[in-house]
>>> print(open('protein-v8.pdb').read())   # PDB, C-alpha atoms
ATOM      1  CA  MET W   1       0.000   0.000   0.000
ATOM      2  CA  ARG W   2       3.028   2.210   0.676
ATOM      3  CA  ASP W   3       3.316   4.128  -2.580
ATOM      4  CA  THR W   4       0.513   2.810  -4.705
ATOM      5  CA  GLN W   5      -2.314   4.972  -6.037
ATOM      6  CA  TRP W   6      -5.700   4.776  -4.475
ATOM      7  CA  PRO W   7      -8.506   3.629  -6.780
ATOM      8  CA  ARG W   8      -9.807   6.169  -9.274
ATOM      9  CA  PHE W   9     -13.298   7.645  -9.008
ATOM     10  CA  GLN W  10     -14.981   9.584 -11.790
ATOM     11  CA  VAL W  11     -16.611  12.739 -10.459
ATOM     12  CA  PHE W  12     -19.924  14.161 -11.666
ATOM     13  CA  HIS W  13     -21.159  17.584 -10.652
ATOM     14  CA  GLN W  14     -24.530  19.268 -10.942
ATOM     15  CA  GLU W  15     -24.273  22.892 -12.034
ATOM     16  CA  GLN W  16     -27.994  23.757 -11.886
ATOM     17  CA  PRO W  17     -30.360  22.671  -9.115
ATOM     18  CA  ASP W  18     -32.405  20.610 -11.588
ATOM     19  CA  GLY W  19     -29.736  20.014 -14.237
ATOM     20  CA  PRO W  20     -28.024  16.731 -15.057
ATOM     21  CA  HIS W  21     -24.868  15.501 -13.332
ATOM     22  CA  THR W  22     -21.935  15.823 -15.712
ATOM     23  CA  ASN W  23     -18.499  14.264 -15.575
ATOM     24  CA  VAL W  24     -16.001  16.877 -14.470
ATOM     25  CA  GLY W  25     -12.873  14.795 -13.848
ATOM     26  CA  ALA W  26     -11.474  12.143 -11.532
ATOM     27  CA  VAL W  27      -9.966  11.790  -8.069
ATOM     28  CA  HIS W  28      -8.089   9.034  -6.290
ATOM     29  CA  ALA W  29      -9.429   7.962  -2.907
ATOM     30  CA  PRO W  30      -9.565   4.914  -0.650
ATOM     31  CA  ASP W  31     -13.375   4.878  -0.628
ATOM     32  CA  ALA W  32     -16.428   6.730  -1.908
ATOM     33  CA  GLU W  33     -16.766   8.908   1.194
ATOM     34  CA  LEU W  34     -13.258  10.309   0.817
ATOM     35  CA  ALA W  35     -13.658  10.460  -2.952
ATOM     36  CA  LEU W  36     -16.537  12.876  -2.353
ATOM     37  CA  GLN W  37     -14.401  14.992  -0.037
ATOM     38  CA  ASN W  38     -11.510  15.053  -2.511
ATOM     39  CA  ALA W  39     -13.973  15.902  -5.283
ATOM     40  CA  ARG W  40     -15.266  18.823  -3.235
ATOM     41  CA  ASP W  41     -11.720  20.132  -2.705
ATOM     42  CA  VAL W  42     -10.839  19.818  -6.381
ATOM     43  CA  PHE W  43     -14.078  20.639  -8.209
ATOM     44  CA  VAL W  44     -16.212  22.803  -5.900
ATOM     45  CA  ARG W  45     -14.150  25.956  -5.868
ATOM     46  CA  ARG W  46     -16.938  27.864  -7.643
ATOM     47  CA  PRO W  47     -20.454  28.426  -6.333
ATOM     48  CA  ASP W  48     -22.175  26.709  -9.275
ATOM     49  CA  CYS W  49     -22.183  23.200  -7.788
ATOM     50  CA  PHE W  50     -25.281  21.765  -6.141
ATOM     51  CA  SER W  51     -24.495  18.061  -5.874
ATOM     52  CA  LEU W  52     -21.610  15.640  -6.425
ATOM     53  CA  TRP W  53     -21.551  11.987  -7.439
ATOM     54  CA  VAL W  54     -18.505   9.741  -7.440
ATOM     55  CA  VAL W  55     -18.243   6.434  -9.283
ATOM     56  CA  PRO W  56     -15.404   3.912  -8.920
ATOM     57  CA  ALA W  57     -13.820   3.838 -12.374
ATOM     58  CA  ASP W  58     -13.765   0.024 -12.410
ATOM     59  CA  GLN W  59     -17.555  -0.008 -11.962
ATOM     60  CA  ILE W  60     -18.195   1.857 -15.199
ATOM     61  CA  PHE W  61     -19.327  -0.353 -18.061
ATOM     62  CA  SER W  62     -18.484   1.607 -21.196
ATOM     63  CA  LEU W  63     -19.280   1.108 -24.872
ATOM     64  CA  THR W  64     -18.785   3.415 -27.825
ATOM     65  CA  ALA W  65     -21.533   3.921 -30.407
ATOM     66  CA  GLU W  66     -19.342   1.951 -32.819
ATOM     67  CA  GLU W  67     -19.042  -0.971 -30.419
ATOM     68  CA  ILE W  68     -22.806  -0.975 -29.998
ATOM     69  CA  GLU W  69     -23.353  -0.999 -33.747
ATOM     70  CA  HIS W  70     -20.712  -3.674 -34.387
ATOM     71  CA  PRO W  71     -20.651  -5.751 -31.198
ATOM     72  CA  GLY W  72     -17.573  -7.816 -30.353
ATOM     73  CA  PRO W  73     -17.679 -10.980 -28.255
ATOM     74  CA  PRO W  74     -20.031 -10.444 -25.280
ATOM     75  CA  PRO W  75     -18.253  -9.614 -22.000
ATOM     76  CA  ALA W  76     -18.521 -12.021 -19.082
ATOM     77  CA  PRO W  77     -21.536 -10.900 -17.046
ATOM     78  CA  LYS W  78     -20.708  -9.645 -13.576
ATOM     79  CA  GLY W  79     -22.975  -9.698 -10.525
ATOM     80  CA  ASN W  80     -25.370 -12.326  -9.245
ATOM     81  CA  GLY W  81     -27.968 -11.947 -12.005
ATOM     82  CA  ASP W  82     -30.509 -10.236  -9.768
ATOM     83  CA  PRO W  83     -32.122  -7.198 -11.380
ATOM     84  CA  GLN W  84     -30.724  -3.939 -10.155
ATOM     85  CA  ARG W  85     -30.781  -0.308 -11.131
ATOM     86  CA  TYR W  86     -28.095   1.218 -13.299
ATOM     87  CA  GLN W  87     -27.535   4.914 -13.953
ATOM     88  CA  VAL W  88     -26.828   5.859 -17.556
ATOM     89  CA  PHE W  89     -24.394   8.526 -18.781
ATOM     90  CA  ILE W  90     -23.690   9.526 -22.360
ATOM     91  CA  LYS W  91     -21.123  11.651 -24.106
ATOM     92  CA  ARG W  92     -22.515  13.464 -27.140
ATOM     93  CA  THR W  93     -19.485  15.273 -28.590
ATOM     94  CA  GLN W  94     -15.763  14.561 -28.717
ATOM     95  CA  ALA W  95     -15.024  17.649 -26.655
ATOM     96  CA  GLY W  96     -17.979  17.091 -24.307
ATOM     97  CA  SER W  97     -18.301  15.220 -21.019
ATOM     98  CA  HIS W  98     -20.470  12.337 -19.938
ATOM     99  CA  GLU W  99     -23.870  13.557 -18.825
ATOM    100  CA  HIS W 100     -26.447  11.712 -16.765
ATOM    101  CA  VAL W 101     -29.573  10.848 -18.786
ATOM    102  CA  GLY W 102     -31.525   8.466 -16.554
ATOM    103  CA  ALA W 103     -31.717   4.998 -15.040
ATOM    104  CA  VAL W 104     -32.604   1.493 -16.176
ATOM    105  CA  SER W 105     -33.161  -1.837 -14.418
ATOM    106  CA  ALA W 106     -31.362  -4.925 -15.665
ATOM    107  CA  GLU W 107     -29.764  -8.188 -14.555
ATOM    108  CA  SER W 108     -26.251  -7.495 -15.875
ATOM    109  CA  GLU W 109     -24.145  -4.683 -17.242
ATOM    110  CA  PRO W 110     -24.528  -5.690 -20.904
ATOM    111  CA  ALA W 111     -28.270  -6.034 -20.385
ATOM    112  CA  ALA W 112     -28.325  -2.614 -18.743
ATOM    113  CA  MET W 113     -26.440  -1.208 -21.722
ATOM    114  CA  GLY W 114     -28.971  -2.700 -24.126
ATOM    115  CA  GLU W 115     -31.809  -1.294 -22.062
ATOM    116  CA  ALA W 116     -30.104   2.119 -21.934
ATOM    117  CA  VAL W 117     -29.692   2.259 -25.703
ATOM    118  CA  ARG W 118     -33.359   1.268 -26.140
ATOM    119  CA  SER W 119     -34.552   3.858 -23.608
ATOM    120  CA  PHE W 120     -32.296   6.779 -24.534
ATOM    121  CA  GLY W 121     -31.208   5.777 -28.048
ATOM    122  CA  THR W 122     -32.931   8.680 -29.754
ATOM    123  CA  VAL W 123     -30.135  10.980 -28.658
ATOM    124  CA  ASP W 124     -26.845  11.108 -30.511
ATOM    125  CA  ALA W 125     -24.290   9.475 -28.280
ATOM    126  CA  LEU W 126     -20.627   8.734 -28.865
ATOM    127  CA  VAL W 127     -19.866   6.821 -25.667
ATOM    128  CA  TRP W 128     -22.276   5.151 -23.248
ATOM    129  CA  TRP W 129     -21.574   4.457 -19.567
ATOM    130  CA  VAL W 130     -23.749   2.389 -17.257
ATOM    131  CA  VAL W 131     -22.996   2.213 -13.540
ATOM    132  CA  PRO W 132     -24.665   0.116 -10.828
ATOM    133  CA  GLU W 133     -26.667   2.575  -8.765
ATOM    134  CA  ASN W 134     -25.529   1.112  -5.448
ATOM    135  CA  ARG W 135     -21.894   1.881  -6.299
ATOM    136  CA  ILE W 136     -22.470   5.620  -6.766
ATOM    137  CA  GLY W 137     -21.452   7.862  -3.855
ATOM    138  CA  ARG W 138     -23.583  10.998  -3.599
ATOM    139  CA  THR W 139     -23.696  14.099  -1.491
ATOM    140  CA  GLY W 140     -26.918  14.241   0.530
ATOM    141  CA  ALA W 141     -29.020  16.902   2.211
ATOM    142  CA  ALA W 142     -26.744  16.817   5.277
ATOM    143  CA  ASP W 143     -23.661  17.586   3.154
ATOM    144  CA  VAL W 144     -25.024  20.660   1.390
ATOM    145  CA  GLY W 145     -23.761  23.197   3.943
ATOM    146  CA  SER W 146     -20.250  21.836   4.380
ATOM    147  CA  PHE W 147     -19.742  20.820   0.744
ATOM    148  CA  PHE W 148     -21.188  23.741  -1.177
ATOM    149  CA  GLY W 149     -21.600  26.532   1.381
ATOM    150  CA  PRO W 150     -17.979  27.754   1.440
ATOM    151  CA  ALA W 151     -17.849  28.299  -2.330
ATOM    152  CA  LYS W 152     -21.163  30.165  -2.205
ATOM    153  CA  ASP W 153     -20.205  32.391   0.741
ATOM    154  CA  LYS W 154     -16.885  33.438  -0.775
ATOM    155  CA  PRO W 155     -16.898  36.790  -2.621
ATOM    156  CA  TYR W 156     -16.138  36.423  -6.324
ATOM    157  CA  ARG W 157     -15.030  39.276  -8.496
ATOM    158  CA  ASP W 158     -15.532  39.083 -12.196
ATOM    159  CA  GLN W 159     -13.401  40.957 -14.687
ATOM    160  CA  ALA W 160     -15.626  44.044 -14.589
ATOM    161  CA  PHE W 161     -14.744  44.550 -10.914
ATOM    162  CA  TYR W 162     -11.259  45.706 -11.897
ATOM    163  CA  HIS W 163     -11.420  49.070 -13.627
ATOM    164  CA  THR W 164      -8.144  48.676 -15.446
ATOM    165  CA  THR W 165      -9.375  50.216 -18.695
ATOM    166  CA  THR W 166     -10.667  53.331 -16.921
ATOM    167  CA  LEU W 167      -7.478  53.621 -14.874
ATOM    168  CA  MET W 168      -5.309  53.384 -17.981
ATOM    169  CA  ARG W 169      -7.447  55.999 -19.736
ATOM    170  CA  GLN W 170      -7.092  58.388 -16.781
ATOM    171  CA  ILE W 171      -3.316  57.905 -16.733
ATOM    172  CA  ARG W 172      -3.053  58.518 -20.484
ATOM    173  CA  GLY W 173      -5.183  61.646 -20.196
ATOM    174  CA  ARG W 174      -2.987  63.191 -17.540
ATOM    175  CA  PRO W 175      -0.687  66.040 -18.591
ATOM    176  CA  LYS W 176       2.885  64.822 -19.127
ATOM    177  CA  GLN W 177       5.240  65.761 -16.308
TER     178      GLN W 177
ATOM    179  CA  MET J 178      -5.030  38.505 -14.753
ATOM    180  CA  LYS J 179      -6.999  41.731 -14.290
ATOM    181  CA  GLN J 180      -6.436  41.679 -10.554
ATOM    182  CA  GLY J 181      -2.689  41.626 -11.148
ATOM    183  CA  LYS J 182      -2.960  44.311 -13.788
ATOM    184  CA  GLU J 183      -4.865  46.578 -11.429
ATOM    185  CA  GLN J 184      -2.233  46.056  -8.749
ATOM    186  CA  VAL J 185       0.537  47.007 -11.162
ATOM    187  CA  ILE J 186      -1.352  50.127 -12.278
ATOM    188  CA  LEU J 187      -2.045  51.274  -8.711
ATOM    189  CA  MET J 188       1.467  50.556  -7.464
ATOM    190  CA  SER J 189       3.001  52.368 -10.422
ATOM    191  CA  GLN J 190       0.990  55.488  -9.501
ATOM    192  CA  GLY J 191       1.768  55.187  -5.781
ATOM    193  CA  THR J 192       4.559  56.343  -3.497
ATOM    194  CA  PRO J 193       8.207  56.189  -4.629
ATOM    195  CA  LEU J 194       8.643  53.026  -2.547
ATOM    196  CA  GLN J 195       5.623  51.400  -4.194
ATOM    197  CA  ARG J 196       6.908  52.379  -7.629
ATOM    198  CA  SER J 197      10.319  50.897  -6.868
ATOM    199  CA  MET J 198       8.696  47.680  -5.638
ATOM    200  CA  VAL J 199       6.619  47.210  -8.770
ATOM    201  CA  GLN J 200       9.634  48.093 -10.939
ATOM    202  CA  ASP J 201      11.646  45.441  -9.092
ATOM    203  CA  ALA J 202       8.894  42.903  -9.750
ATOM    204  CA  ALA J 203       8.818  43.836 -13.441
ATOM    205  CA  ASN J 204      12.602  43.427 -13.643
ATOM    206  CA  ARG J 205      12.489  39.970 -12.090
ATOM    207  CA  TRP J 206       9.343  38.616 -13.714
ATOM    208  CA  TRP J 207       9.323  39.999 -17.258
ATOM    209  CA  TRP J 208      11.567  37.320 -18.771
ATOM    210  CA  PRO J 209      10.090  34.376 -16.805
ATOM    211  CA  THR J 210       6.628  35.592 -17.835
ATOM    212  CA  ILE J 211       7.337  35.581 -21.542
ATOM    213  CA  MET J 212       9.258  32.293 -21.198
ATOM    214  CA  MET J 213       6.144  30.809 -19.628
ATOM    215  CA  PHE J 214       4.484  30.654 -23.055
ATOM    216  CA  GLY J 215       6.936  27.867 -23.854
ATOM    217  CA  PRO J 216       9.624  27.236 -26.467
ATOM    218  CA  HIS J 217       9.510  28.884 -29.885
ATOM    219  CA  ASP J 218       7.241  27.191 -32.397
ATOM    220  CA  HIS J 219      10.176  25.630 -34.260
ATOM    221  CA  ASP J 220      11.237  23.997 -30.964
ATOM    222  CA  SER J 221       7.723  22.941 -30.003
ATOM    223  CA  PRO J 222       7.137  19.781 -32.066
ATOM    224  CA  ASN J 223       3.767  18.935 -30.500
ATOM    225  CA  SER J 224       2.056  22.242 -31.253
ATOM    226  CA  PRO J 225       0.671  21.365 -34.715
ATOM    227  CA  VAL J 226      -1.062  18.240 -33.472
ATOM    228  CA  LEU J 227      -2.362  19.998 -30.341
ATOM    229  CA  ILE J 228      -3.822  22.745 -32.515
ATOM    230  CA  ARG J 229      -5.358  20.210 -34.904
ATOM    231  CA  TRP J 230      -7.034  18.493 -31.942
ATOM    232  CA  GLY J 231      -8.302  21.804 -30.599
ATOM    233  CA  ILE J 232      -6.328  21.518 -27.340
ATOM    234  CA  LYS J 233      -4.392  24.645 -28.267
ATOM    235  CA  THR J 234      -5.919  27.403 -30.376
ATOM    236  CA  LYS J 235      -2.743  29.423 -30.935
ATOM    237  CA  THR J 236       0.936  28.551 -30.987
ATOM    238  CA  ASN J 237       3.337  29.469 -28.188
ATOM    239  CA  ASP J 238       4.845  32.287 -30.247
ATOM    240  CA  GLN J 239       1.428  33.673 -31.224
ATOM    241  CA  LEU J 240       0.279  33.725 -27.587
ATOM    242  CA  ARG J 241       3.573  35.250 -26.467
ATOM    243  CA  GLN J 242       3.349  37.939 -29.148
ATOM    244  CA  ASP J 243      -0.269  38.734 -28.181
ATOM    245  CA  PHE J 244       0.807  39.076 -24.547
ATOM    246  CA  VAL J 245       3.796  41.291 -25.311
ATOM    247  CA  ASN J 246       1.708  43.481 -27.660
ATOM    248  CA  GLN J 247      -0.887  43.951 -24.965
ATOM    249  CA  VAL J 248       1.305  44.356 -21.900
ATOM    250  CA  ALA J 249       4.576  45.979 -22.984
ATOM    251  CA  PRO J 250       3.129  49.315 -24.195
ATOM    252  CA  GLU J 251       0.915  49.667 -21.121
ATOM    253  CA  VAL J 252       3.779  48.937 -18.724
ATOM    254  CA  LEU J 253       5.828  51.633 -20.463
ATOM    255  CA  GLU J 254       2.867  54.036 -20.329
ATOM    256  CA  LEU J 255       2.826  53.543 -16.559
ATOM    257  CA  GLY J 256       6.343  54.986 -16.422
ATOM    258  CA  LEU J 257       7.929  51.607 -15.684
ATOM    259  CA  SER J 258      10.673  49.998 -17.698
ATOM    260  CA  LEU J 259      11.172  46.416 -18.842
ATOM    261  CA  PRO J 260      14.546  44.646 -18.604
ATOM    262  CA  ASP J 261      14.999  44.213 -22.357
ATOM    263  CA  PRO J 262      17.048  46.887 -24.188
ATOM    264  CA  SER J 263      15.954  45.424 -27.538
ATOM    265  CA  LEU J 264      12.235  45.756 -26.857
ATOM    266  CA  HIS J 265      10.693  47.985 -29.520
ATOM    267  CA  TYR J 266       7.606  48.537 -31.640
ATOM    268  CA  ASP J 267       7.988  47.283 -35.178
ATOM    269  CA  GLN J 268       6.014  49.465 -37.606
ATOM    270  CA  ALA J 269       6.105  46.923 -40.412
ATOM    271  CA  SER J 270       4.520  44.046 -38.480
ATOM    272  CA  GLY J 271       2.623  46.078 -35.888
ATOM    273  CA  ASN J 272       4.231  43.959 -33.172
ATOM    274  CA  TRP J 273       6.282  44.740 -30.094
ATOM    275  CA  LEU J 274       9.465  42.728 -30.590
ATOM    276  CA  THR J 275      11.637  41.454 -27.733
ATOM    277  CA  GLY J 276      15.294  40.551 -27.686
ATOM    278  CA  PRO J 277      16.393  36.902 -27.679
ATOM    279  CA  ILE J 278      15.038  34.778 -24.838
ATOM    280  CA  ASP J 279      17.599  33.002 -22.635
ATOM    281  CA  TRP J 280      16.369  29.449 -23.119
ATOM    282  CA  ASP J 281      19.247  28.071 -21.027
ATOM    283  CA  GLU J 282      17.720  29.834 -18.051
ATOM    284  CA  PHE J 283      14.280  28.509 -18.991
ATOM    285  CA  TRP J 284      15.524  24.903 -19.090
ATOM    286  CA  ARG J 285      17.464  25.321 -15.846
ATOM    287  CA  VAL J 286      14.210  26.395 -14.184
ATOM    288  CA  VAL J 287      12.134  23.681 -15.846
ATOM    289  CA  LYS J 288      14.620  21.006 -14.815
ATOM    290  CA  GLY J 289      14.687  22.207 -11.220
ATOM    291  CA  ASP J 290      18.174  23.662 -10.887
ATOM    292  CA  GLY J 291      18.754  25.761  -7.786
ATOM    293  CA  PRO J 292      18.247  25.821  -4.014
ATOM    294  CA  CYS J 293      14.572  26.880  -4.024
ATOM    295  CA  ASN J 294      13.657  23.830  -6.054
ATOM    296  CA  ALA J 295      15.557  21.516  -3.717
ATOM    297  CA  GLU J 296      13.709  23.117  -0.800
ATOM    298  CA  ARG J 297      10.346  22.763  -2.554
ATOM    299  CA  ILE J 298      10.867  19.073  -3.384
ATOM    300  CA  ALA J 299      12.130  18.348   0.129
ATOM    301  CA  ALA J 300       8.988  19.937   1.592
ATOM    302  CA  ARG J 301       6.765  17.793  -0.682
ATOM    303  CA  ARG J 302       8.641  14.612   0.243
ATOM    304  CA  LYS J 303       8.399  15.435   3.935
ATOM    305  CA  ALA J 304       4.655  16.113   3.696
ATOM    306  CA  HIS J 305       4.174  12.856   1.813
ATOM    307  CA  ALA J 306       6.200  10.890   4.368
ATOM    308  CA  ASP J 307       4.498  12.583   7.338
ATOM    309  CA  GLY J 308       1.103  11.719   5.886
ATOM    310  CA  GLU J 309       1.845   8.040   5.486
ATOM    311  CA  TRP J 310       0.134   7.003   8.719
ATOM    312  CA  VAL J 311      -3.010   8.854   7.639
ATOM    313  CA  ARG J 312      -3.056   7.104   4.277
ATOM    314  CA  GLU J 313      -2.512   3.751   5.970
ATOM    315  CA  ALA J 314      -5.382   4.407   8.371
ATOM    316  CA  LEU J 315      -7.726   5.487   5.542
ATOM    317  CA  ALA J 316      -6.845   2.419   3.494
ATOM    318  CA  ALA J 317      -7.364   0.102   6.483
ATOM    319  CA  TYR J 318     -10.720   1.735   7.212
ATOM    320  CA  ALA J 319     -11.856   1.440   3.596
ATOM    321  CA  GLU J 320     -10.820  -2.209   3.530
ATOM    322  CA  ARG J 321     -12.721  -2.957   6.744
ATOM    323  CA  GLN J 322     -15.851  -1.168   5.456
ATOM    324  CA  ALA J 323     -15.653  -3.113   2.186
ATOM    325  CA  THR J 324     -15.462  -6.496   3.935
ATOM    326  CA  ALA J 325     -17.948  -5.672   6.711
TER     327      ALA J 325
END
>>> encode(input="protein-v8.pdb", output="structure tokens")
Amino acid sequence: MRDTQWPRFQVFHQEQPDGPHTNVGAVHAPDAELALQNARDVFVRRPDCFSLWVVPADQIFSLTAEEIEHPGPPPAPKGNGDPQRYQVFIKRTQAGSHEHVGAVSAESEPAAMGEAVRSFGTVDALVWWVVPENRIGRTGAADVGSFFGPAKDKPYRDQAFYHTTTLMRQIRGRPKQ
Amino acid sequence: MKQGKEQVILMSQGTPLQRSMVQDAANRWWWPTIMMFGPHDHDSPNSPVLIRWGIKTKTNDQLRQDFVNQVAPEVLELGLSLPDPSLHYDQASGNWLTGPIDWDEFWRVVKGDGPCNAERIAARRKAHADGEWVREALAAYAERQATA
């Protein structure tokens, strides 16, 4: 354990109170609870975050649109075959990020993927992710104050706060000494 | 960026001590600042592919030239000087041109030559070593939660 990396978690943030969670980056952490705290430190420096999700990277079942159209050999199903809920994320553009689109119920990851494509397949998607719901760490009502309060209480100054153009104009307009 | 610019403007119009402080900062930071845009385009082999992929929108030299064109004349207007005797406005190209950049200095900095770098790395290593017991405890806790 000495100098190895902790497992990777993909981080999703919600920028509008009723907007989708979108992938914003990744953190390393020993477990989901600390992944959320690391995600807050790294990704919640601005006040436009209302909720965070973290997903262990090895729990993401991912297929590209190409792989869905031309399937390879089916992957070995994981899990015990009991139906469970999966959350579905899609990436629509090369430069974009994965965005949450909804949930499906299925007995395995490949089945969940099939269900996801059937349910949300009208949208253009480049890469699909499905994640078992019970492996997603989320901030809850009790976390809102400590997770998102500090960024909201901090004063932010946008560019217009600094009157550099006016100052320069005043200096230029002054009589030369 | 604008916060720093405002500070420079205000200091340059302040007391003689403030003016000498901001002049000292300009003397020390002008060259590192324009080095920060990276090697010249002909020494930056990855730029074309980064631009094609949309990761960069302008080359190092274009960004550096934009910065110099924007900042150099305003710094001079503030009554400050910049530590480059060759710096001048070129009518033909409409650019402010600098003298040659000391890339040996740039690479010495990048490669961590000097006592400040040794101090910085030592502080990081110490923090990492001092935190080992915390990381061990977190890992043990996560393992116990996972098997519980």
>>> atom_distance(input="protein-v8.pdb", atom1="CA of Glu109 (chain W)", atom2="CA of Trp53 (chain W)")
19.5 Å
>>> atom_distance(input="protein-v8.pdb", atom1="CA of Ala112 (chain W)", atom2="CA of Val127 (chain W)")
14.4 Å
>>> interface_residues(input="protein-v8.pdb", of="chain J", to="chain W", cutoff="9 Å", atoms="all atoms listed in the file", output="PyMOL selection string")
chain J and resi 178-180+182-183+186-187+190+231+251+254-255+309+312-313+315-320+322-323
>>> resolve_selection(input="protein-v8.pdb", expression="the PyMOL selection byres ((chain J and resi 274) around 8)", output="list in words")
Gln242, Val245, Ser263, Leu264, His265, Tyr266, Asp267, Asn272, Trp273, Thr275 and Gly276 of chain J
>>> closest_residue(input="protein-v8.pdb", among="W:Glu15, W:Asp82, W:Glu107, W:Glu99", to="Phe43 (chain W)", atoms="all atoms listed in the file")
W:Glu15
>>> resolve_selection(input="protein-v8.pdb", expression="the PyMOL selection byres ((chain W and resi 10) around 8)", output="list in words")
Arg8, Phe9, Val11, Phe12, Asn23, Val24, Gly25, Ala26, Val27, Val54, Val55, Pro56 and Ala57 of chain W
>>> write_last_selection(input="protein-v8.pdb", atoms="C-alpha atoms", output="PDB file, in the frame of the given file")
ATOM      1  CA  ARG W   8      -9.807   6.169  -9.274  1.00  0.00           C
ATOM      2  CA  PHE W   9     -13.298   7.645  -9.008  1.00  0.00           C
ATOM      3  CA  VAL W  11     -16.611  12.739 -10.459  1.00  0.00           C
ATOM      4  CA  PHE W  12     -19.924  14.161 -11.666  1.00  0.00           C
ATOM      5  CA  ASN W  23     -18.499  14.264 -15.575  1.00  0.00           C
ATOM      6  CA  VAL W  24     -16.001  16.877 -14.470  1.00  0.00           C
ATOM      7  CA  GLY W  25     -12.873  14.795 -13.848  1.00  0.00           C
ATOM      8  CA  ALA W  26     -11.474  12.143 -11.532  1.00  0.00           C
ATOM      9  CA  VAL W  27      -9.966  11.790  -8.069  1.00  0.00           C
ATOM     10  CA  VAL W  54     -18.505   9.741  -7.440  1.00  0.00           C
ATOM     11  CA  VAL W  55     -18.243   6.434  -9.283  1.00  0.00           C
ATOM     12  CA  PRO W  56     -15.404   3.912  -8.920  1.00  0.00           C
ATOM     13  CA  ALA W  57     -13.820   3.838 -12.374  1.00  0.00           C
TER      14      ALA W  57
END
>>> resolve_selection(input="protein-v8.pdb", expression="the PyMOL selection byres ((chain J and resi 202-217) around 9)", output="VMD selection string")
chain J and resid 197 to 201 218 to 221 236 to 238 240 to 242 244 to 245 252 257 to 261 278 to 280 282 to 283
>>> closest_residue(input="protein-v8.pdb", among="W:Gly149, W:Pro75, W:Gly114, W:Gly102", to="Glu133 (chain W)", atoms="all atoms listed in the file")
W:Gly102
>>> atom_distance(input="protein-v8.pdb", atom1="CA of Arg46 (chain W)", atom2="CA of Tyr156 (chain W)")
8.7 Å
>>> residues_near_point(input="protein-v8.pdb", point="(-26.8, 8.2, -15.0)", cutoff="6 Å", atoms="only C-alpha atoms", output="tab-separated table (two decimals) with C-alpha atoms, keeping the file's coordinate frame")
chain	number	residue	atom	x	y	z
W	87	GLN	CA	-27.54	4.91	-13.95
W	88	VAL	CA	-26.83	5.86	-17.56
W	89	PHE	CA	-24.39	8.53	-18.78
W	100	HIS	CA	-26.45	11.71	-16.76
W	101	VAL	CA	-29.57	10.85	-18.79
W	102	GLY	CA	-31.52	8.47	-16.55
W	103	ALA	CA	-31.72	5.00	-15.04
>>> closest_residue(input="protein-v8.pdb", among="W:Ala111, W:Ala116, W:Ile90, W:Ala141", to="Ala76 (chain W)", atoms="all atoms listed in the file")
W:Ala111
>>> closest_residue(input="protein-v8.pdb", among="W:Val104, W:Ala142, W:Leu63, W:Cys49", to="Arg118 (chain W)", atoms="all atoms listed in the file")
W:Val104
>>> closest_residue(input="protein-v8.pdb", among="W:Met113, W:Asp48, W:Gln5, W:Pro20", to="Asp153 (chain W)", atoms="only C-alpha atoms")
W:Asp48
>>> residues_around(input="protein-v8.pdb", residues="Gln14 (chain W)", least_positions_apart="6", cutoff="7 Å", atoms="only C-alpha atoms", output="PyMOL selection string")
chain W and resi 20-22+49-52
>>> decode(input="protein-v8.pdb", residues="region 313-320 of chain J", atoms="N, CA, C and O atoms", output="PDB file, in the first residue's frame")
ATOM      1  N   GLU J 313      -2.365   5.148   5.541  1.00  0.00           N
ATOM      2  CA  GLU J 313      -2.512   3.751   5.970  1.00  0.00           C
ATOM      3  C   GLU J 313      -3.826   3.565   6.726  1.00  0.00           C
ATOM      4  O   GLU J 313      -4.543   2.584   6.518  1.00  0.00           O
ATOM      5  N   ALA J 314      -4.143   4.523   7.592  1.00  0.00           N
ATOM      6  CA  ALA J 314      -5.382   4.407   8.371  1.00  0.00           C
ATOM      7  C   ALA J 314      -6.604   4.463   7.451  1.00  0.00           C
ATOM      8  O   ALA J 314      -7.550   3.683   7.610  1.00  0.00           O
ATOM      9  N   LEU J 315      -6.587   5.368   6.468  1.00  0.00           N
ATOM     10  CA  LEU J 315      -7.726   5.487   5.542  1.00  0.00           C
ATOM     11  C   LEU J 315      -7.895   4.210   4.736  1.00  0.00           C
ATOM     12  O   LEU J 315      -9.010   3.727   4.530  1.00  0.00           O
ATOM     13  N   ALA J 316      -6.772   3.641   4.296  1.00  0.00           N
ATOM     14  CA  ALA J 316      -6.845   2.419   3.494  1.00  0.00           C
ATOM     15  C   ALA J 316      -7.384   1.266   4.341  1.00  0.00           C
ATOM     16  O   ALA J 316      -8.219   0.482   3.892  1.00  0.00           O
ATOM     17  N   ALA J 317      -6.906   1.185   5.597  1.00  0.00           N
ATOM     18  CA  ALA J 317      -7.364   0.102   6.483  1.00  0.00           C
ATOM     19  C   ALA J 317      -8.853   0.251   6.756  1.00  0.00           C
ATOM     20  O   ALA J 317      -9.604  -0.727   6.750  1.00  0.00           O
ATOM     21  N   TYR J 318      -9.298   1.491   6.955  1.00  0.00           N
ATOM     22  CA  TYR J 318     -10.720   1.735   7.212  1.00  0.00           C
ATOM     23  C   TYR J 318     -11.560   1.343   6.004  1.00  0.00           C
ATOM     24  O   TYR J 318     -12.574   0.654   6.132  1.00  0.00           O
ATOM     25  N   ALA J 319     -11.103   1.762   4.812  1.00  0.00           N
ATOM     26  CA  ALA J 319     -11.856   1.440   3.596  1.00  0.00           C
ATOM     27  C   ALA J 319     -11.942  -0.066   3.398  1.00  0.00           C
ATOM     28  O   ALA J 319     -12.990  -0.600   3.029  1.00  0.00           O
ATOM     29  N   GLU J 320     -10.830  -0.758   3.700  1.00  0.00           N
ATOM     30  CA  GLU J 320     -10.820  -2.209   3.530  1.00  0.00           C
ATOM     31  C   GLU J 320     -11.799  -2.869   4.494  1.00  0.00           C
ATOM     32  O   GLU J 320     -12.544  -3.774   4.130  1.00  0.00           O
TER      33      GLU J 320
END
